[in-house]
file structure_16.cif (mmCIF, C-alpha atoms)
data_input
loop_
_atom_site.group_PDB
_atom_site.id
_atom_site.type_symbol
_atom_site.label_atom_id
_atom_site.label_comp_id
_atom_site.auth_asym_id
_atom_site.auth_seq_id
_atom_site.Cartn_x
_atom_site.Cartn_y
_atom_site.Cartn_z
ATOM 1 C CA MET A 1 19.624 -161.083 161.780
ATOM 2 C CA GLU A 2 20.639 -163.231 158.840
ATOM 3 C CA THR A 3 22.986 -161.812 156.203
ATOM 4 C CA MET A 4 20.411 -161.042 153.497
ATOM 5 C CA ASN A 5 18.147 -159.318 156.034
ATOM 6 C CA ALA A 6 21.067 -157.198 157.276
ATOM 7 C CA ILE A 7 21.876 -156.236 153.686
ATOM 8 C CA ALA A 8 18.245 -155.357 153.004
ATOM 9 C CA HIS A 9 17.905 -153.477 156.314
ATOM 10 C CA ARG A 10 21.003 -151.334 155.724
ATOM 11 C CA THR A 11 19.996 -147.815 154.718
ATOM 12 C CA SER A 12 21.585 -144.369 154.881
ATOM 13 C CA VAL A 13 20.720 -142.662 158.166
ATOM 14 C CA ARG A 14 20.980 -138.872 158.190
ATOM 15 C CA ALA A 15 19.883 -137.990 161.748
ATOM 16 C CA TYR A 16 21.481 -139.392 164.920
ATOM 17 C CA ARG A 17 20.910 -139.316 168.640
ATOM 18 C CA PRO A 18 23.841 -137.880 170.595
ATOM 19 C CA ASP A 19 24.419 -141.033 172.674
ATOM 20 C CA GLN A 20 27.446 -143.059 171.692
ATOM 21 C CA ILE A 21 27.216 -146.579 170.295
ATOM 22 C CA SER A 22 28.365 -149.273 172.694
ATOM 23 C CA GLU A 23 31.976 -150.418 172.716
ATOM 24 C CA GLN A 24 30.724 -153.940 171.964
ATOM 25 C CA ALA A 25 28.860 -152.729 168.841
ATOM 26 C CA LEU A 26 31.861 -150.668 167.717
ATOM 27 C CA GLN A 27 34.176 -153.646 168.110
ATOM 28 C CA ALA A 28 31.822 -155.882 166.113
ATOM 29 C CA ILE A 29 31.668 -153.257 163.338
ATOM 30 C CA LEU A 30 35.473 -152.982 163.265
ATOM 31 C CA ASN A 31 35.849 -156.780 163.260
ATOM 32 C CA ALA A 32 33.535 -156.961 160.244
ATOM 33 C CA GLY A 33 35.696 -154.404 158.447
ATOM 34 C CA CYS A 34 38.853 -156.344 159.246
ATOM 35 C CA ALA A 35 37.249 -159.497 157.783
ATOM 36 C CA ALA A 36 36.758 -157.860 154.373
ATOM 37 C CA PRO A 37 38.630 -159.083 151.318
ATOM 38 C CA VAL A 38 41.541 -156.844 150.378
ATOM 39 C CA GLY A 39 43.352 -156.966 147.040
ATOM 40 C CA MET A 40 46.377 -159.262 147.120
ATOM 41 C CA ALA A 41 45.776 -159.618 150.906
ATOM 42 C CA GLN A 42 47.679 -156.378 151.508
ATOM 43 C CA TYR A 43 45.941 -155.484 154.753
ATOM 44 C CA ASP A 44 48.964 -153.468 155.864
ATOM 45 C CA THR A 45 48.167 -150.881 153.158
ATOM 46 C CA LEU A 46 44.968 -149.852 154.986
ATOM 47 C CA ARG A 47 44.291 -148.032 158.254
ATOM 48 C CA ILE A 48 40.999 -147.658 160.110
ATOM 49 C CA THR A 49 40.634 -144.546 162.265
ATOM 50 C CA VAL A 50 37.775 -144.245 164.755
ATOM 51 C CA LEU A 51 36.911 -140.704 165.801
ATOM 52 C CA GLN A 52 34.564 -140.106 168.724
ATOM 53 C CA ASP A 53 35.998 -136.825 170.043
ATOM 54 C CA GLN A 54 33.120 -134.357 169.688
ATOM 55 C CA ILE A 55 35.354 -131.283 169.349
ATOM 56 C CA LEU A 56 37.364 -132.781 166.497
ATOM 57 C CA LEU A 57 34.159 -134.119 164.888
ATOM 58 C CA GLY A 58 32.779 -130.576 165.022
ATOM 59 C CA GLN A 59 35.911 -129.155 163.402
ATOM 60 C CA ILE A 60 35.776 -131.698 160.586
ATOM 61 C CA SER A 61 32.052 -131.074 160.146
ATOM 62 C CA ASN A 62 32.649 -127.312 159.921
ATOM 63 C CA THR A 63 35.414 -127.825 157.349
ATOM 64 C CA VAL A 64 33.229 -130.087 155.201
ATOM 65 C CA ARG A 65 30.314 -127.666 155.606
ATOM 66 C CA GLY A 66 32.520 -124.836 154.338
ATOM 67 C CA ASN A 67 33.769 -126.927 151.415
ATOM 68 C CA MET A 68 30.196 -127.804 150.467
ATOM 69 C CA ARG A 69 28.915 -124.254 151.100
ATOM 70 C CA SER A 70 26.132 -125.767 153.174
ATOM 71 C CA ASP A 71 24.368 -124.798 156.387
ATOM 72 C CA THR A 72 23.553 -128.391 157.374
ATOM 73 C CA ASP A 73 25.775 -130.733 159.365
ATOM 74 C CA PRO A 74 27.440 -133.064 156.840
ATOM 75 C CA LEU A 75 28.102 -135.587 159.637
ATOM 76 C CA TYR A 76 24.411 -135.504 160.614
ATOM 77 C CA GLY A 77 25.144 -135.244 164.349
ATOM 78 C CA ALA A 78 26.583 -138.774 164.466
ATOM 79 C CA PRO A 79 28.800 -139.510 167.472
ATOM 80 C CA THR A 80 31.287 -141.729 165.577
ATOM 81 C CA LEU A 81 33.208 -141.198 162.349
ATOM 82 C CA ILE A 82 35.245 -144.033 160.873
ATOM 83 C CA LEU A 83 37.823 -143.110 158.243
ATOM 84 C CA LEU A 84 39.628 -145.546 155.969
ATOM 85 C CA SER A 85 43.080 -144.537 154.795
ATOM 86 C CA SER A 86 45.284 -146.236 152.239
ATOM 87 C CA GLN A 87 48.835 -146.191 151.018
ATOM 88 C CA THR A 88 49.416 -145.657 147.330
ATOM 89 C CA PRO A 89 48.007 -148.817 145.758
ATOM 90 C CA MET A 90 49.804 -151.248 143.494
ATOM 91 C CA GLY A 91 47.106 -150.794 140.852
ATOM 92 C CA PRO A 92 44.832 -147.902 139.866
ATOM 93 C CA GLY A 93 41.715 -147.642 142.009
ATOM 94 C CA MET A 94 42.752 -150.464 144.326
ATOM 95 C CA ASP A 95 42.746 -148.096 147.319
ATOM 96 C CA TYR A 96 39.087 -147.241 146.744
ATOM 97 C CA ALA A 97 38.089 -150.830 145.945
ATOM 98 C CA ASN A 98 39.719 -152.106 149.137
ATOM 99 C CA ALA A 99 38.194 -149.311 151.215
ATOM 100 C CA ALA A 100 34.760 -150.014 149.720
ATOM 101 C CA CYS A 101 34.976 -153.706 150.666
ATOM 102 C CA VAL A 102 35.990 -152.855 154.231
ATOM 103 C CA MET A 103 33.360 -150.117 154.577
ATOM 104 C CA GLU A 104 30.516 -152.233 153.178
ATOM 105 C CA ASN A 105 31.269 -154.965 155.709
ATOM 106 C CA MET A 106 31.122 -152.366 158.487
ATOM 107 C CA LEU A 107 27.878 -150.826 157.202
ATOM 108 C CA VAL A 108 26.147 -154.211 156.982
ATOM 109 C CA ALA A 109 27.422 -155.215 160.435
ATOM 110 C CA ALA A 110 26.089 -151.922 161.813
ATOM 111 C CA ALA A 111 22.663 -152.607 160.289
ATOM 112 C CA ASP A 112 22.695 -156.057 161.879
ATOM 113 C CA LEU A 113 23.301 -154.377 165.259
ATOM 114 C CA ASP A 114 20.622 -151.679 164.719
ATOM 115 C CA VAL A 115 23.335 -149.028 164.437
ATOM 116 C CA GLY A 116 22.688 -146.409 161.771
ATOM 117 C CA SER A 117 25.308 -145.369 159.239
ATOM 118 C CA VAL A 118 25.932 -143.337 156.113
ATOM 119 C CA ILE A 119 29.002 -142.804 153.936
ATOM 120 C CA VAL A 120 30.273 -139.221 154.135
ATOM 121 C CA TRP A 121 32.837 -138.658 151.359
ATOM 122 C CA GLY A 122 33.522 -135.073 152.337
ATOM 123 C CA SER A 123 35.050 -136.162 155.639
ATOM 124 C CA ALA A 124 37.878 -138.063 153.934
ATOM 125 C CA ILE A 125 38.487 -135.186 151.526
ATOM 126 C CA ALA A 126 38.641 -132.644 154.370
ATOM 127 C CA VAL A 127 40.999 -134.750 156.472
ATOM 128 C CA ASP A 128 43.233 -135.598 153.508
ATOM 129 C CA ALA A 129 43.634 -131.882 152.713
ATOM 130 C CA SER A 130 44.636 -130.984 156.288
ATOM 131 C CA ASP A 131 47.965 -131.899 157.859
ATOM 132 C CA ARG A 132 46.493 -130.741 161.192
ATOM 133 C CA PHE A 133 43.608 -133.217 160.952
ATOM 134 C CA LYS A 134 45.891 -136.045 159.804
ATOM 135 C CA LYS A 135 48.221 -135.387 162.734
ATOM 136 C CA ALA A 136 45.339 -135.151 165.249
ATOM 137 C CA LEU A 137 43.942 -138.456 163.966
ATOM 138 C CA GLY A 138 47.316 -140.214 163.920
ATOM 139 C CA ILE A 139 47.186 -140.991 160.209
ATOM 140 C CA PRO A 140 50.725 -142.089 159.355
ATOM 141 C CA GLU A 141 52.902 -140.533 156.682
ATOM 142 C CA GLY A 142 52.251 -142.200 153.323
ATOM 143 C CA PHE A 143 48.560 -142.903 154.040
ATOM 144 C CA HIS A 144 45.708 -140.809 152.675
ATOM 145 C CA PRO A 145 42.047 -140.916 153.740
ATOM 146 C CA VAL A 146 39.878 -142.339 150.958
ATOM 147 C CA MET A 147 36.501 -142.956 152.589
ATOM 148 C CA GLY A 148 34.532 -142.077 155.685
ATOM 149 C CA ALA A 149 31.238 -143.052 157.257
ATOM 150 C CA VAL A 150 29.414 -141.998 160.377
ATOM 151 C CA PHE A 151 27.783 -144.404 162.804
ATOM 152 C CA GLY A 152 25.288 -143.926 165.600
ATOM 153 C CA LEU A 153 21.815 -144.603 166.903
ATOM 154 C CA ALA A 154 19.205 -143.325 164.484
ATOM 155 C CA GLN A 155 17.018 -140.443 165.551
ATOM 156 C CA GLY A 156 13.503 -141.551 164.656
ATOM 157 C CA GLU A 157 12.343 -144.459 162.555
ATOM 158 C CA VAL A 158 14.618 -146.118 160.021
ATOM 159 C CA ARG A 159 12.845 -146.986 156.802
ATOM 160 C CA ASP A 160 12.729 -150.733 156.244
ATOM 161 C CA LYS A 161 13.485 -151.945 152.746
ATOM 162 C CA GLU A 162 12.413 -155.075 150.967
ATOM 163 C CA LEU A 163 15.188 -157.229 149.605
ATOM 164 C CA GLY A 164 15.166 -156.783 145.873
ATOM 165 C CA GLN A 165 16.885 -155.194 142.957
ATOM 166 C CA THR A 166 16.787 -151.433 142.520
ATOM 167 C CA ILE A 167 19.657 -151.347 140.003
ATOM 168 C CA HIS A 168 19.048 -152.402 136.434
ATOM 169 C CA VAL A 169 20.715 -155.752 135.680
ATOM 170 C CA ASP A 170 21.598 -156.821 132.160
ATOM 171 C CA ARG A 171 22.190 -160.522 131.537
ATOM 172 C CA VAL A 172 24.189 -161.461 128.479
#

call {"tool": "encode", "arguments": {"input": "structure_16.cif", "output": "C-alpha cells"}}
result
Amino acid sequence: METMNAIAHRTSVRAYRPDQISEQALQAILNAGCAAPVGMAQYDTLRITVLQDQILLGQISNTVRGNMRSDTDPLYGAPTLILLSSQTPMGPGMDYANAACVMENMLVAAADLDVGSVIVWGSAIAVDASDRFKKALGIPEGFHPVMGAVFGLAQGEVRDKELGQTIHVDRV
C-alpha cells in the first residue's frame, strides 16, 4: 500500500479478534515507531512497551473500566497494547508531541499491514498511576506513560475512507 492510501485507510478499530498479530507485523509496526522524528533527536527519552500478556491486559482493562465507570472493555478485546513512556521533557508538551509522532507512525504502519488499531488514553493514565503496573511492565524509574494504543486483527469489516480533508483548513 502506498503511503497516502495507508493514511487514508487508517481508522479506529473498536472490536478485535482474539488471535495475536504476527511477530513480523509487530516488528514492522515497532520499526515504524522507531523511525519517527523526535524532538532534538532525544530518542533515549522515550520507551516503547509491548504488552501481550492477557492477564495483565485484563487487569489494566478493569482498572480503566473502573476509572471510566463503564461496563465496556476500554481495550476492545485487542491482544496487544503498546504504551509509550517518556522522561520529563526539556520543553513543555514535548513528551506528548514525541509520543504522538511515534504512535502515528505505528498506526499508519499497522493500517498498511491490515492490522487494526485505536489510541486508548486511559491505558497510559491507569499504568502511570500504578507502581504495580509500572513494575510489571518494566517501565524504568523516571519514565511515565503518556500514550497507549491497542493493535490486533479487526473483528468484522473495517470502514474504508476516502483520502480527503475532514478538518477545516484556513489559509492565510

call {"tool": "atom_distance", "arguments": {"input": "structure_16.cif", "atom1": "CA of Asn98 in chain A", "atom2": "CA of Leu46 in chain A"}}
result
8.2 Å

call {"tool": "resolve_selection", "arguments": {"input": "structure_16.cif", "expression": "the PyMOL selection byres ((chain A and resi 48-56) around 7)", "output": "ChimeraX atom specification"}}
result
/A:46-47,57-60,79-85

call {"tool": "closest_residue", "arguments": {"input": "structure_16.cif", "among": "A:Ile139, A:Val64, A:Ala78, A:Ala109", "to": "Ser123 in chain A", "atoms": "all atoms listed in the file"}}
result
A:Val64

call {"tool": "atom_distance", "arguments": {"input": "structure_16.cif", "atom1": "CA of Asn5 in chain A", "atom2": "CA of Pro37 in chain A"}}
result
21.0 Å

call {"tool": "atom_distance", "arguments": {"input": "structure_16.cif", "atom1": "CA of Ala32 in chain A", "atom2": "CA of Val102 in chain A"}}
result
7.7 Å

call {"tool": "resolve_selection", "arguments": {"input": "structure_16.cif", "expression": "the PyMOL selection byres ((chain A and resi 14) around 6)", "output": "ChimeraX atom specification"}}
result
/A:13,15,76

call {"tool": "build_atoms", "arguments": {"input": "structure_16.cif", "residues": "range 104-115 of chain A", "atoms": "all heavy atoms", "output": "PDB file, in the frame of the given file"}}
result
ATOM      1  N   GLU A 104      31.798-151.533 153.341  1.00  0.00           N
ATOM      2  CA  GLU A 104      30.516-152.233 153.178  1.00  0.00           C
ATOM      3  C   GLU A 104      30.322-153.276 154.268  1.00  0.00           C
ATOM      4  O   GLU A 104      29.219-153.416 154.802  1.00  0.00           O
ATOM      5  CB  GLU A 104      30.421-152.869 151.791  1.00  0.00           C
ATOM      6  CG  GLU A 104      29.102-153.576 151.533  1.00  0.00           C
ATOM      7  CD  GLU A 104      27.887-152.659 151.497  1.00  0.00           C
ATOM      8  OE1 GLU A 104      28.033-151.419 151.509  1.00  0.00           O
ATOM      9  OE2 GLU A 104      26.771-153.202 151.449  1.00  0.00           O
ATOM     10  N   ASN A 105      31.380-154.002 154.605  1.00  0.00           N
ATOM     11  CA  ASN A 105      31.269-154.965 155.709  1.00  0.00           C
ATOM     12  C   ASN A 105      30.852-154.252 156.995  1.00  0.00           C
ATOM     13  O   ASN A 105      30.007-154.745 157.747  1.00  0.00           O
ATOM     14  CB  ASN A 105      32.592-155.703 155.926  1.00  0.00           C
ATOM     15  CG  ASN A 105      32.724-156.937 155.080  1.00  0.00           C
ATOM     16  OD1 ASN A 105      32.057-157.117 154.079  1.00  0.00           O
ATOM     17  ND2 ASN A 105      33.634-157.812 155.484  1.00  0.00           N
ATOM     18  N   MET A 106      31.448-153.093 157.258  1.00  0.00           N
ATOM     19  CA  MET A 106      31.122-152.366 158.487  1.00  0.00           C
ATOM     20  C   MET A 106      29.693-151.836 158.453  1.00  0.00           C
ATOM     21  O   MET A 106      28.986-151.895 159.465  1.00  0.00           O
ATOM     22  CB  MET A 106      32.126-151.244 158.722  1.00  0.00           C
ATOM     23  CG  MET A 106      33.513-151.757 159.077  1.00  0.00           C
ATOM     24  SD  MET A 106      34.650-150.526 159.736  1.00  0.00           S
ATOM     25  CE  MET A 106      34.910-149.493 158.317  1.00  0.00           C
ATOM     26  N   LEU A 107      29.241-151.343 157.312  1.00  0.00           N
ATOM     27  CA  LEU A 107      27.878-150.826 157.202  1.00  0.00           C
ATOM     28  C   LEU A 107      26.838-151.931 157.404  1.00  0.00           C
ATOM     29  O   LEU A 107      25.826-151.726 158.081  1.00  0.00           O
ATOM     30  CB  LEU A 107      27.679-150.154 155.843  1.00  0.00           C
ATOM     31  CG  LEU A 107      28.553-148.932 155.541  1.00  0.00           C
ATOM     32  CD1 LEU A 107      28.345-148.487 154.100  1.00  0.00           C
ATOM     33  CD2 LEU A 107      28.294-147.802 156.500  1.00  0.00           C
ATOM     34  N   VAL A 108      27.090-153.094 156.824  1.00  0.00           N
ATOM     35  CA  VAL A 108      26.147-154.211 156.982  1.00  0.00           C
ATOM     36  C   VAL A 108      26.167-154.715 158.431  1.00  0.00           C
ATOM     37  O   VAL A 108      25.109-154.999 159.002  1.00  0.00           O
ATOM     38  CB  VAL A 108      26.453-155.337 155.973  1.00  0.00           C
ATOM     39  CG1 VAL A 108      25.627-156.578 156.266  1.00  0.00           C
ATOM     40  CG2 VAL A 108      26.175-154.856 154.547  1.00  0.00           C
ATOM     41  N   ALA A 109      27.340-154.800 159.024  1.00  0.00           N
ATOM     42  CA  ALA A 109      27.422-155.215 160.435  1.00  0.00           C
ATOM     43  C   ALA A 109      26.667-154.230 161.323  1.00  0.00           C
ATOM     44  O   ALA A 109      25.954-154.631 162.250  1.00  0.00           O
ATOM     45  CB  ALA A 109      28.877-155.328 160.878  1.00  0.00           C
ATOM     46  N   ALA A 110      26.804-152.935 161.030  1.00  0.00           N
ATOM     47  CA  ALA A 110      26.089-151.922 161.813  1.00  0.00           C
ATOM     48  C   ALA A 110      24.582-152.126 161.698  1.00  0.00           C
ATOM     49  O   ALA A 110      23.862-152.082 162.701  1.00  0.00           O
ATOM     50  CB  ALA A 110      26.483-150.523 161.347  1.00  0.00           C
ATOM     51  N   ALA A 111      24.098-152.371 160.481  1.00  0.00           N
ATOM     52  CA  ALA A 111      22.663-152.607 160.289  1.00  0.00           C
ATOM     53  C   ALA A 111      22.199-153.807 161.099  1.00  0.00           C
ATOM     54  O   ALA A 111      21.127-153.783 161.705  1.00  0.00           O
ATOM     55  CB  ALA A 111      22.349-152.815 158.809  1.00  0.00           C
ATOM     56  N   ASP A 112      23.022-154.854 161.123  1.00  0.00           N
ATOM     57  CA  ASP A 112      22.695-156.057 161.879  1.00  0.00           C
ATOM     58  C   ASP A 112      22.575-155.757 163.373  1.00  0.00           C
ATOM     59  O   ASP A 112      21.815-156.406 164.084  1.00  0.00           O
ATOM     60  CB  ASP A 112      23.764-157.120 161.634  1.00  0.00           C
ATOM     61  CG  ASP A 112      23.406-158.455 162.252  1.00  0.00           C
ATOM     62  OD1 ASP A 112      22.277-158.944 162.025  1.00  0.00           O
ATOM     63  OD2 ASP A 112      24.257-159.014 162.968  1.00  0.00           O
ATOM     64  N   LEU A 113      23.296-154.748 163.839  1.00  0.00           N
ATOM     65  CA  LEU A 113      23.301-154.377 165.259  1.00  0.00           C
ATOM     66  C   LEU A 113      22.352-153.215 165.564  1.00  0.00           C
ATOM     67  O   LEU A 113      22.390-152.659 166.657  1.00  0.00           O
ATOM     68  CB  LEU A 113      24.729-153.991 165.675  1.00  0.00           C
ATOM     69  CG  LEU A 113      25.763-155.094 165.546  1.00  0.00           C
ATOM     70  CD1 LEU A 113      27.177-154.523 165.625  1.00  0.00           C
ATOM     71  CD2 LEU A 113      25.543-156.147 166.624  1.00  0.00           C
ATOM     72  N   ASP A 114      21.525-152.832 164.593  1.00  0.00           N
ATOM     73  CA  ASP A 114      20.622-151.679 164.719  1.00  0.00           C
ATOM     74  C   ASP A 114      21.373-150.381 164.983  1.00  0.00           C
ATOM     75  O   ASP A 114      20.899-149.501 165.707  1.00  0.00           O
ATOM     76  CB  ASP A 114      19.555-151.917 165.792  1.00  0.00           C
ATOM     77  CG  ASP A 114      18.539-152.961 165.375  1.00  0.00           C
ATOM     78  OD1 ASP A 114      18.195-152.995 164.170  1.00  0.00           O
ATOM     79  OD2 ASP A 114      18.102-153.744 166.235  1.00  0.00           O
ATOM     80  N   VAL A 115      22.559-150.265 164.397  1.00  0.00           N
ATOM     81  CA  VAL A 115      23.335-149.028 164.437  1.00  0.00           C
ATOM     82  C   VAL A 115      23.205-148.390 163.061  1.00  0.00           C
ATOM     83  O   VAL A 115      23.417-149.044 162.039  1.00  0.00           O
ATOM     84  CB  VAL A 115      24.825-149.309 164.769  1.00  0.00           C
ATOM     85  CG1 VAL A 115      25.669-148.052 164.635  1.00  0.00           C
ATOM     86  CG2 VAL A 115      24.949-149.898 166.185  1.00  0.00           C
TER      87      VAL A 115
END
